[in-house]
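Before any comments, here is the structure.
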Amino acid sequence: MKLRIKRIAGMISLVALLTGAAAPFLWVKGDSVIPGVRINGVAAGGFSKAQMMDFLQEENKAMEKENLNLVKDSVKETWNYKDLHVSYDEHSLDEALAIGRQGSLFQQWKDRWAALLSGKAAHIDASFDEEAVKKKAHQLIKTYSKPPQNAMPRFH
C-alpha cells in the first residue's frame, strides 16, 4: 500500500513538473504575443499580428491629437504631432512578438515565465518627418530672432 502511494505521489509530482515546464509553451497560440507583455503600458498578451496593427492604428490616431510644447522663458509654442507626421513604427511591433522566442529553449522558458510573473514591457518607437520639424524650427527662428530696434542698455 505504501509503495502504491509513493508511486502515485511520484507520478503526480512528475506530471506537475512536466506541466510547469511545458506551460509557457502551451498557453501561447502560434504567432501571438506571449501573456504578460505590455506595449506602451497596454496588456498585449495574446495579440495576433493583425490585432497589434489595429492597436497601432488606434495609438497613431490618438497621437495625432497630441502636441509638442516648446517653452523658453515667457515664450510658448505648440506644435501639433499631426503637422510633424509623428507616428508609431510598425517594425517595433516585432520586438513584442520576439519576447520569449529568442535564445535557447531554456532561455525562452525562463523569459516566458518572467513575463507572466512580473511582466515585460515592449516599446514601440515613434518616427517623425524631419523636414516638417526643420520647417517649424525655421519659422521659430524667423519669428524670434529679429534684430532689436532702438535697443538701449538698462542699468540696475
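Quick note on naming: the chains in the C-alpha cells go A, B, ... in the order shown, residues restart at 1 in each chain, and ligands are numbered from 1 in order of appearance.
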
Distance query segment 42-45 of chain A at most 9 Å, only C-alpha atoms, self and fewer than 6 positions along chain excluded, as number ranges by chain: A: 28, 32-36, 52, 96

Could those residues be written to a file, using C-alpha atoms, as a tab-separated table (two decimals), in the first residue's frame?
```tsv
chain	number	residue	atom	x	y	z
A	28	VAL	CA	0.87	30.81	-26.49
A	32	SER	CA	0.84	35.86	-30.96
A	33	VAL	CA	2.34	37.91	-28.15
A	34	ILE	CA	3.04	35.89	-25.04
A	35	PRO	CA	1.00	36.61	-21.87
A	36	GLY	CA	2.48	39.26	-19.58
A	52	MET	CA	-1.27	44.61	-32.98
A	96	ALA	CA	6.79	42.41	-28.77
```

Could you give me, as a VMD selection string, the residues within 12 Å of Leu97 of chain A, counting only C-alpha atoms and dropping anything in the same chain fewer than 4 positions from it? chain A and resid 28 to 39 44 to 52 90 to 93 101 to 102 112 120 to 124

Would you export the selected residues with C-alpha atoms as a PDB file, in the first residue's frame, please?
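As written to disk, selection17.pdb reads:
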```pdb
ATOM      1  CA  VAL A  28       0.869  30.808 -26.493  1.00  0.00           C
ATOM      2  CA  LYS A  29      -1.036  30.485 -29.730  1.00  0.00           C
ATOM      3  CA  GLY A  30       1.206  30.314 -32.772  1.00  0.00           C
ATOM      4  CA  ASP A  31       2.331  33.782 -33.782  1.00  0.00           C
ATOM      5  CA  SER A  32       0.844  35.859 -30.957  1.00  0.00           C
ATOM      6  CA  VAL A  33       2.336  37.914 -28.152  1.00  0.00           C
ATOM      7  CA  ILE A  34       3.035  35.885 -25.037  1.00  0.00           C
ATOM      8  CA  PRO A  35       0.998  36.615 -21.871  1.00  0.00           C
ATOM      9  CA  GLY A  36       2.479  39.258 -19.583  1.00  0.00           C
ATOM     10  CA  VAL A  37       3.783  41.519 -22.334  1.00  0.00           C
ATOM     11  CA  ARG A  38       2.696  45.149 -22.296  1.00  0.00           C
ATOM     12  CA  ILE A  39       3.083  47.520 -25.224  1.00  0.00           C
ATOM     13  CA  ALA A  44      -0.917  42.810 -25.272  1.00  0.00           C
ATOM     14  CA  GLY A  45      -0.671  39.155 -24.279  1.00  0.00           C
ATOM     15  CA  GLY A  46      -2.439  37.036 -26.884  1.00  0.00           C
ATOM     16  CA  PHE A  47      -2.492  39.772 -29.556  1.00  0.00           C
ATOM     17  CA  SER A  48      -2.027  38.475 -33.081  1.00  0.00           C
ATOM     18  CA  LYS A  49      -0.110  40.489 -35.674  1.00  0.00           C
ATOM     19  CA  ALA A  50      -3.426  41.830 -37.054  1.00  0.00           C
ATOM     20  CA  GLN A  51      -4.586  42.868 -33.575  1.00  0.00           C
ATOM     21  CA  MET A  52      -1.274  44.608 -32.981  1.00  0.00           C
ATOM     22  CA  GLU A  90       5.086  49.107 -37.120  1.00  0.00           C
ATOM     23  CA  HIS A  91       8.516  47.471 -37.237  1.00  0.00           C
ATOM     24  CA  SER A  92       8.744  47.974 -33.470  1.00  0.00           C
ATOM     25  CA  LEU A  93       5.902  45.501 -33.018  1.00  0.00           C
ATOM     26  CA  ARG A 101      11.035  33.434 -28.671  1.00  0.00           C
ATOM     27  CA  GLN A 102      14.751  34.128 -28.748  1.00  0.00           C
ATOM     28  CA  ARG A 112       8.097  33.404 -20.737  1.00  0.00           C
ATOM     29  CA  LYS A 120       7.674  42.508 -19.688  1.00  0.00           C
ATOM     30  CA  ALA A 121       7.477  45.870 -21.434  1.00  0.00           C
ATOM     31  CA  ALA A 122       7.848  46.279 -25.171  1.00  0.00           C
ATOM     32  CA  HIS A 123       8.053  49.790 -26.502  1.00  0.00           C
ATOM     33  CA  ILE A 124       7.081  50.944 -29.948  1.00  0.00           C
TER      34      ILE A 124
END
```

Counting only C-alpha atoms, the residue of A:Ile5, A:Val133, A:Ala151, A:Ala98 that sits nearest Leu68 of chain A: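 When distances to Leu68 of chain A are compared using only C-alpha atoms, the smallest one comes from A:Val133.
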
As JSON, numbers by chain, please: every residue in chain A that a backbone DSSP assignment puts in helix (DSSP H, G or I). {"A": [2, 3, 4, 5, 6, 7, 8, 9, 10, 11, 12, 13, 14, 15, 16, 17, 18, 19, 20, 21, 22, 23, 24, 25, 26, 49, 50, 51, 52, 53, 54, 55, 56, 57, 58, 59, 60, 61, 62, 63, 81, 82, 83, 84, 90, 91, 92, 93, 94, 95, 96, 97, 98, 105, 106, 107, 108, 109, 110, 111, 112, 113, 114, 115, 116, 117, 118, 130, 131, 132, 133, 134, 135, 136, 137, 138, 139, 140, 141, 142, 143, 144]}

Select from chain A everything DSSP, run on the backbone, classes as strand (DSSP E), then give the selection as a PDB file with all heavy atoms, in the first residue's frame.
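Contents of out14.pdb, freshly written:
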```
ATOM      1  N   VAL A  37       3.110  40.451 -21.599  1.00  0.00           N
ATOM      2  CA  VAL A  37       3.783  41.519 -22.334  1.00  0.00           C
ATOM      3  C   VAL A  37       2.858  42.726 -22.425  1.00  0.00           C
ATOM      4  O   VAL A  37       1.672  42.599 -22.702  1.00  0.00           O
ATOM      5  CB  VAL A  37       4.193  41.048 -23.751  1.00  0.00           C
ATOM      6  CG1 VAL A  37       4.731  42.203 -24.580  1.00  0.00           C
ATOM      7  CG2 VAL A  37       5.232  39.939 -23.650  1.00  0.00           C
ATOM      8  N   ARG A  38       3.434  43.889 -22.184  1.00  0.00           N
ATOM      9  CA  ARG A  38       2.696  45.149 -22.296  1.00  0.00           C
ATOM     10  C   ARG A  38       3.379  46.008 -23.347  1.00  0.00           C
ATOM     11  O   ARG A  38       4.593  46.116 -23.357  1.00  0.00           O
ATOM     12  CB  ARG A  38       2.653  45.868 -20.951  1.00  0.00           C
ATOM     13  CG  ARG A  38       1.986  45.041 -19.857  1.00  0.00           C
ATOM     14  CD  ARG A  38       1.934  45.742 -18.526  1.00  0.00           C
ATOM     15  NE  ARG A  38       0.977  46.829 -18.464  1.00  0.00           N
ATOM     16  CZ  ARG A  38      -0.339  46.683 -18.370  1.00  0.00           C
ATOM     17  NH1 ARG A  38      -0.857  45.470 -18.340  1.00  0.00           N
ATOM     18  NH2 ARG A  38      -1.137  47.718 -18.299  1.00  0.00           N
ATOM     19  N   ILE A  39       2.564  46.609 -24.205  1.00  0.00           N
ATOM     20  CA  ILE A  39       3.083  47.520 -25.224  1.00  0.00           C
ATOM     21  C   ILE A  39       2.602  48.916 -24.863  1.00  0.00           C
ATOM     22  O   ILE A  39       1.403  49.167 -24.826  1.00  0.00           O
ATOM     23  CB  ILE A  39       2.589  47.152 -26.635  1.00  0.00           C
ATOM     24  CG1 ILE A  39       3.030  45.736 -27.005  1.00  0.00           C
ATOM     25  CG2 ILE A  39       3.100  48.145 -27.663  1.00  0.00           C
ATOM     26  CD1 ILE A  39       2.473  45.231 -28.315  1.00  0.00           C
ATOM     27  N   VAL A  42      -0.069  48.920 -22.308  1.00  0.00           N
ATOM     28  CA  VAL A  42      -1.313  48.192 -22.586  1.00  0.00           C
ATOM     29  C   VAL A  42      -1.013  46.697 -22.635  1.00  0.00           C
ATOM     30  O   VAL A  42      -0.081  46.273 -23.316  1.00  0.00           O
ATOM     31  CB  VAL A  42      -1.924  48.649 -23.934  1.00  0.00           C
ATOM     32  CG1 VAL A  42      -3.152  47.830 -24.282  1.00  0.00           C
ATOM     33  CG2 VAL A  42      -2.258  50.127 -23.889  1.00  0.00           C
ATOM     34  N   ALA A  43      -1.805  45.913 -21.908  1.00  0.00           N
ATOM     35  CA  ALA A  43      -1.620  44.458 -21.913  1.00  0.00           C
ATOM     36  C   ALA A  43      -1.857  43.928 -23.319  1.00  0.00           C
ATOM     37  O   ALA A  43      -2.928  44.112 -23.885  1.00  0.00           O
ATOM     38  CB  ALA A  43      -2.574  43.806 -20.933  1.00  0.00           C
ATOM     39  N   ASN A  67       0.260  67.228 -28.672  1.00  0.00           N
ATOM     40  CA  ASN A  67       1.056  68.396 -29.038  1.00  0.00           C
ATOM     41  C   ASN A  67       2.441  68.318 -28.425  1.00  0.00           C
ATOM     42  O   ASN A  67       2.640  67.684 -27.388  1.00  0.00           O
ATOM     43  CB  ASN A  67       0.386  69.677 -28.545  1.00  0.00           C
ATOM     44  CG  ASN A  67      -0.922  69.936 -29.234  1.00  0.00           C
ATOM     45  OD1 ASN A  67      -1.026  69.808 -30.440  1.00  0.00           O
ATOM     46  ND2 ASN A  67      -1.928  70.299 -28.463  1.00  0.00           N
ATOM     47  N   LEU A  68       3.358  69.022 -29.048  1.00  0.00           N
ATOM     48  CA  LEU A  68       4.695  69.227 -28.519  1.00  0.00           C
ATOM     49  C   LEU A  68       4.755  70.674 -28.074  1.00  0.00           C
ATOM     50  O   LEU A  68       4.556  71.579 -28.886  1.00  0.00           O
ATOM     51  CB  LEU A  68       5.747  68.947 -29.598  1.00  0.00           C
ATOM     52  CG  LEU A  68       7.191  69.254 -29.242  1.00  0.00           C
ATOM     53  CD1 LEU A  68       7.666  68.340 -28.123  1.00  0.00           C
ATOM     54  CD2 LEU A  68       8.080  69.099 -30.466  1.00  0.00           C
ATOM     55  N   ASN A  69       4.978  70.891 -26.787  1.00  0.00           N
ATOM     56  CA  ASN A  69       5.036  72.245 -26.254  1.00  0.00           C
ATOM     57  C   ASN A  69       6.487  72.664 -26.097  1.00  0.00           C
ATOM     58  O   ASN A  69       7.267  71.982 -25.430  1.00  0.00           O
ATOM     59  CB  ASN A  69       4.311  72.326 -24.909  1.00  0.00           C
ATOM     60  CG  ASN A  69       2.834  72.077 -25.055  1.00  0.00           C
ATOM     61  OD1 ASN A  69       2.194  72.633 -25.936  1.00  0.00           O
ATOM     62  ND2 ASN A  69       2.293  71.210 -24.223  1.00  0.00           N
ATOM     63  N   LEU A  70       6.826  73.796 -26.690  1.00  0.00           N
ATOM     64  CA  LEU A  70       8.161  74.355 -26.586  1.00  0.00           C
ATOM     65  C   LEU A  70       8.058  75.605 -25.728  1.00  0.00           C
ATOM     66  O   LEU A  70       7.293  76.521 -26.045  1.00  0.00           O
ATOM     67  CB  LEU A  70       8.707  74.715 -27.969  1.00  0.00           C
ATOM     68  CG  LEU A  70       8.704  73.580 -28.992  1.00  0.00           C
ATOM     69  CD1 LEU A  70       8.990  74.104 -30.381  1.00  0.00           C
ATOM     70  CD2 LEU A  70       9.715  72.526 -28.608  1.00  0.00           C
ATOM     71  N   VAL A  71       8.833  75.651 -24.644  1.00  0.00           N
ATOM     72  CA  VAL A  71       8.748  76.769 -23.719  1.00  0.00           C
ATOM     73  C   VAL A  71      10.146  77.303 -23.436  1.00  0.00           C
ATOM     74  O   VAL A  71      11.053  76.541 -23.123  1.00  0.00           O
ATOM     75  CB  VAL A  71       8.088  76.330 -22.387  1.00  0.00           C
ATOM     76  CG1 VAL A  71       8.018  77.490 -21.406  1.00  0.00           C
ATOM     77  CG2 VAL A  71       6.722  75.738 -22.637  1.00  0.00           C
ATOM     78  N   LYS A  72      10.277  78.609 -23.575  1.00  0.00           N
ATOM     79  CA  LYS A  72      11.531  79.292 -23.220  1.00  0.00           C
ATOM     80  C   LYS A  72      11.138  80.614 -22.589  1.00  0.00           C
ATOM     81  O   LYS A  72      10.559  81.488 -23.249  1.00  0.00           O
ATOM     82  CB  LYS A  72      12.386  79.502 -24.472  1.00  0.00           C
ATOM     83  CG  LYS A  72      13.612  80.344 -24.255  1.00  0.00           C
ATOM     84  CD  LYS A  72      14.651  79.637 -23.433  1.00  0.00           C
ATOM     85  CE  LYS A  72      15.927  80.476 -23.423  1.00  0.00           C
ATOM     86  NZ  LYS A  72      16.645  80.419 -22.231  1.00  0.00           N
ATOM     87  N   VAL A  75       7.994  82.675 -23.594  1.00  0.00           N
ATOM     88  CA  VAL A  75       7.567  82.271 -24.930  1.00  0.00           C
ATOM     89  C   VAL A  75       7.110  80.821 -24.897  1.00  0.00           C
ATOM     90  O   VAL A  75       7.803  79.950 -24.371  1.00  0.00           O
ATOM     91  CB  VAL A  75       8.706  82.440 -25.955  1.00  0.00           C
ATOM     92  CG1 VAL A  75       8.279  81.950 -27.320  1.00  0.00           C
ATOM     93  CG2 VAL A  75       9.159  83.887 -26.018  1.00  0.00           C
ATOM     94  N   LYS A  76       5.934  80.578 -25.449  1.00  0.00           N
ATOM     95  CA  LYS A  76       5.415  79.213 -25.515  1.00  0.00           C
ATOM     96  C   LYS A  76       4.895  78.958 -26.928  1.00  0.00           C
ATOM     97  O   LYS A  76       4.069  79.705 -27.429  1.00  0.00           O
ATOM     98  CB  LYS A  76       4.294  78.999 -24.506  1.00  0.00           C
ATOM     99  CG  LYS A  76       3.753  77.583 -24.514  1.00  0.00           C
ATOM    100  CD  LYS A  76       2.664  77.384 -23.498  1.00  0.00           C
ATOM    101  CE  LYS A  76       2.131  75.964 -23.591  1.00  0.00           C
ATOM    102  NZ  LYS A  76       1.009  75.743 -22.694  1.00  0.00           N
ATOM    103  N   GLU A  77       5.391  77.921 -27.542  1.00  0.00           N
ATOM    104  CA  GLU A  77       4.949  77.495 -28.875  1.00  0.00           C
ATOM    105  C   GLU A  77       4.394  76.085 -28.762  1.00  0.00           C
ATOM    106  O   GLU A  77       4.917  75.265 -28.012  1.00  0.00           O
ATOM    107  CB  GLU A  77       6.106  77.508 -29.875  1.00  0.00           C
ATOM    108  CG  GLU A  77       6.601  78.875 -30.261  1.00  0.00           C
ATOM    109  CD  GLU A  77       5.643  79.610 -31.174  1.00  0.00           C
ATOM    110  OE1 GLU A  77       4.964  78.957 -32.003  1.00  0.00           O
ATOM    111  OE2 GLU A  77       5.559  80.842 -31.051  1.00  0.00           O
ATOM    112  N   THR A  78       3.363  75.810 -29.528  1.00  0.00           N
ATOM    113  CA  THR A  78       2.766  74.476 -29.540  1.00  0.00           C
ATOM    114  C   THR A  78       2.741  73.950 -30.963  1.00  0.00           C
ATOM    115  O   THR A  78       2.226  74.608 -31.859  1.00  0.00           O
ATOM    116  CB  THR A  78       1.327  74.532 -28.974  1.00  0.00           C
ATOM    117  OG1 THR A  78       1.381  75.048 -27.647  1.00  0.00           O
ATOM    118  CG2 THR A  78       0.709  73.152 -28.954  1.00  0.00           C
ATOM    119  N   TRP A  79       3.336  72.781 -31.131  1.00  0.00           N
ATOM    120  CA  TRP A  79       3.342  72.126 -32.438  1.00  0.00           C
ATOM    121  C   TRP A  79       2.483  70.876 -32.334  1.00  0.00           C
ATOM    122  O   TRP A  79       2.639  70.069 -31.419  1.00  0.00           O
ATOM    123  CB  TRP A  79       4.737  71.709 -32.858  1.00  0.00           C
ATOM    124  CG  TRP A  79       5.698  72.834 -33.086  1.00  0.00           C
ATOM    125  CD1 TRP A  79       5.433  74.177 -33.106  1.00  0.00           C
ATOM    126  CD2 TRP A  79       7.098  72.704 -33.324  1.00  0.00           C
ATOM    127  NE1 TRP A  79       6.568  74.875 -33.337  1.00  0.00           N
ATOM    128  CE2 TRP A  79       7.622  74.005 -33.483  1.00  0.00           C
ATOM    129  CE3 TRP A  79       7.962  71.641 -33.416  1.00  0.00           C
ATOM    130  CZ2 TRP A  79       8.963  74.255 -33.739  1.00  0.00           C
ATOM    131  CZ3 TRP A  79       9.298  71.877 -33.668  1.00  0.00           C
ATOM    132  CH2 TRP A  79       9.794  73.170 -33.842  1.00  0.00           C
ATOM    133  N   ASN A  80       1.608  70.692 -33.296  1.00  0.00           N
ATOM    134  CA  ASN A  80       0.744  69.523 -33.328  1.00  0.00           C
ATOM    135  C   ASN A  80       1.511  68.343 -33.921  1.00  0.00           C
ATOM    136  O   ASN A  80       2.196  68.488 -34.929  1.00  0.00           O
ATOM    137  CB  ASN A  80      -0.505  69.829 -34.164  1.00  0.00           C
ATOM    138  CG  ASN A  80      -1.513  68.729 -34.092  1.00  0.00           C
ATOM    139  OD1 ASN A  80      -1.281  67.641 -34.606  1.00  0.00           O
ATOM    140  ND2 ASN A  80      -2.626  69.000 -33.448  1.00  0.00           N
ATOM    141  N   SER A  87       4.312  59.328 -35.825  1.00  0.00           N
ATOM    142  CA  SER A  87       3.549  58.081 -35.801  1.00  0.00           C
ATOM    143  C   SER A  87       4.428  56.958 -35.257  1.00  0.00           C
ATOM    144  O   SER A  87       5.647  57.032 -35.307  1.00  0.00           O
ATOM    145  CB  SER A  87       3.042  57.718 -37.198  1.00  0.00           C
ATOM    146  OG  SER A  87       4.137  57.473 -38.058  1.00  0.00           O
ATOM    147  N   TYR A  88       3.755  55.950 -34.732  1.00  0.00           N
ATOM    148  CA  TYR A  88       4.473  54.784 -34.233  1.00  0.00           C
ATOM    149  C   TYR A  88       4.874  53.899 -35.400  1.00  0.00           C
ATOM    150  O   TYR A  88       4.128  53.725 -36.357  1.00  0.00           O
ATOM    151  CB  TYR A  88       3.621  53.985 -33.247  1.00  0.00           C
ATOM    152  CG  TYR A  88       3.475  54.651 -31.917  1.00  0.00           C
ATOM    153  CD1 TYR A  88       2.231  55.016 -31.432  1.00  0.00           C
ATOM    154  CD2 TYR A  88       4.584  54.909 -31.122  1.00  0.00           C
ATOM    155  CE1 TYR A  88       2.094  55.621 -30.191  1.00  0.00           C
ATOM    156  CE2 TYR A  88       4.465  55.513 -29.892  1.00  0.00           C
ATOM    157  CZ  TYR A  88       3.216  55.872 -29.435  1.00  0.00           C
ATOM    158  OH  TYR A  88       3.090  56.470 -28.213  1.00  0.00           O
ATOM    159  N   LYS A 120       6.563  42.103 -18.828  1.00  0.00           N
ATOM    160  CA  LYS A 120       7.674  42.508 -19.688  1.00  0.00           C
ATOM    161  C   LYS A 120       7.165  43.637 -20.582  1.00  0.00           C
ATOM    162  O   LYS A 120       6.111  43.530 -21.182  1.00  0.00           O
ATOM    163  CB  LYS A 120       8.135  41.310 -20.531  1.00  0.00           C
ATOM    164  CG  LYS A 120       9.232  41.599 -21.506  1.00  0.00           C
ATOM    165  CD  LYS A 120      10.559  41.782 -20.816  1.00  0.00           C
ATOM    166  CE  LYS A 120      11.648  41.940 -21.872  1.00  0.00           C
ATOM    167  NZ  LYS A 120      12.829  42.555 -21.380  1.00  0.00           N
ATOM    168  N   ALA A 121       7.902  44.717 -20.640  1.00  0.00           N
ATOM    169  CA  ALA A 121       7.477  45.870 -21.434  1.00  0.00           C
ATOM    170  C   ALA A 121       8.144  45.854 -22.800  1.00  0.00           C
ATOM    171  O   ALA A 121       9.339  45.609 -22.922  1.00  0.00           O
ATOM    172  CB  ALA A 121       7.843  47.159 -20.709  1.00  0.00           C
ATOM    173  N   ALA A 122       7.334  46.091 -23.810  1.00  0.00           N
ATOM    174  CA  ALA A 122       7.848  46.279 -25.171  1.00  0.00           C
ATOM    175  C   ALA A 122       7.426  47.685 -25.584  1.00  0.00           C
ATOM    176  O   ALA A 122       6.285  48.088 -25.371  1.00  0.00           O
ATOM    177  CB  ALA A 122       7.256  45.246 -26.119  1.00  0.00           C
ATOM    178  N   ALA A 126       8.416  55.850 -32.040  1.00  0.00           N
ATOM    179  CA  ALA A 126       7.717  56.826 -32.874  1.00  0.00           C
ATOM    180  C   ALA A 126       8.712  57.449 -33.848  1.00  0.00           C
ATOM    181  O   ALA A 126       9.890  57.616 -33.538  1.00  0.00           O
ATOM    182  CB  ALA A 126       7.091  57.901 -32.012  1.00  0.00           C
ATOM    183  N   SER A 127       8.225  57.753 -35.026  1.00  0.00           N
ATOM    184  CA  SER A 127       9.052  58.443 -36.012  1.00  0.00           C
ATOM    185  C   SER A 127       8.356  59.749 -36.374  1.00  0.00           C
ATOM    186  O   SER A 127       7.191  59.958 -36.051  1.00  0.00           O
ATOM    187  CB  SER A 127       9.251  57.568 -37.249  1.00  0.00           C
ATOM    188  OG  SER A 127       8.005  57.296 -37.850  1.00  0.00           O
TER     189      SER A 127
END
```

Tell me which of A:Leu105, A:Ala62, A:Ile12, A:Val86 sits closest to Ala132 of chain A, counting only C-alpha atoms.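 Once distances to Ala132 of chain A are computed over only C-alpha atoms, the minimum belongs to A:Val86.
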
Considering only C-alpha atoms, state which residue in the set A:Phe128, A:Glu58, A:Ser104, A:Ile8 is at the smallest distance from Tyr81 of chain A.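 Comparing A:Phe128, A:Glu58, A:Ser104, A:Ile8 against Tyr81 of chain A, the winner is A:Phe128.
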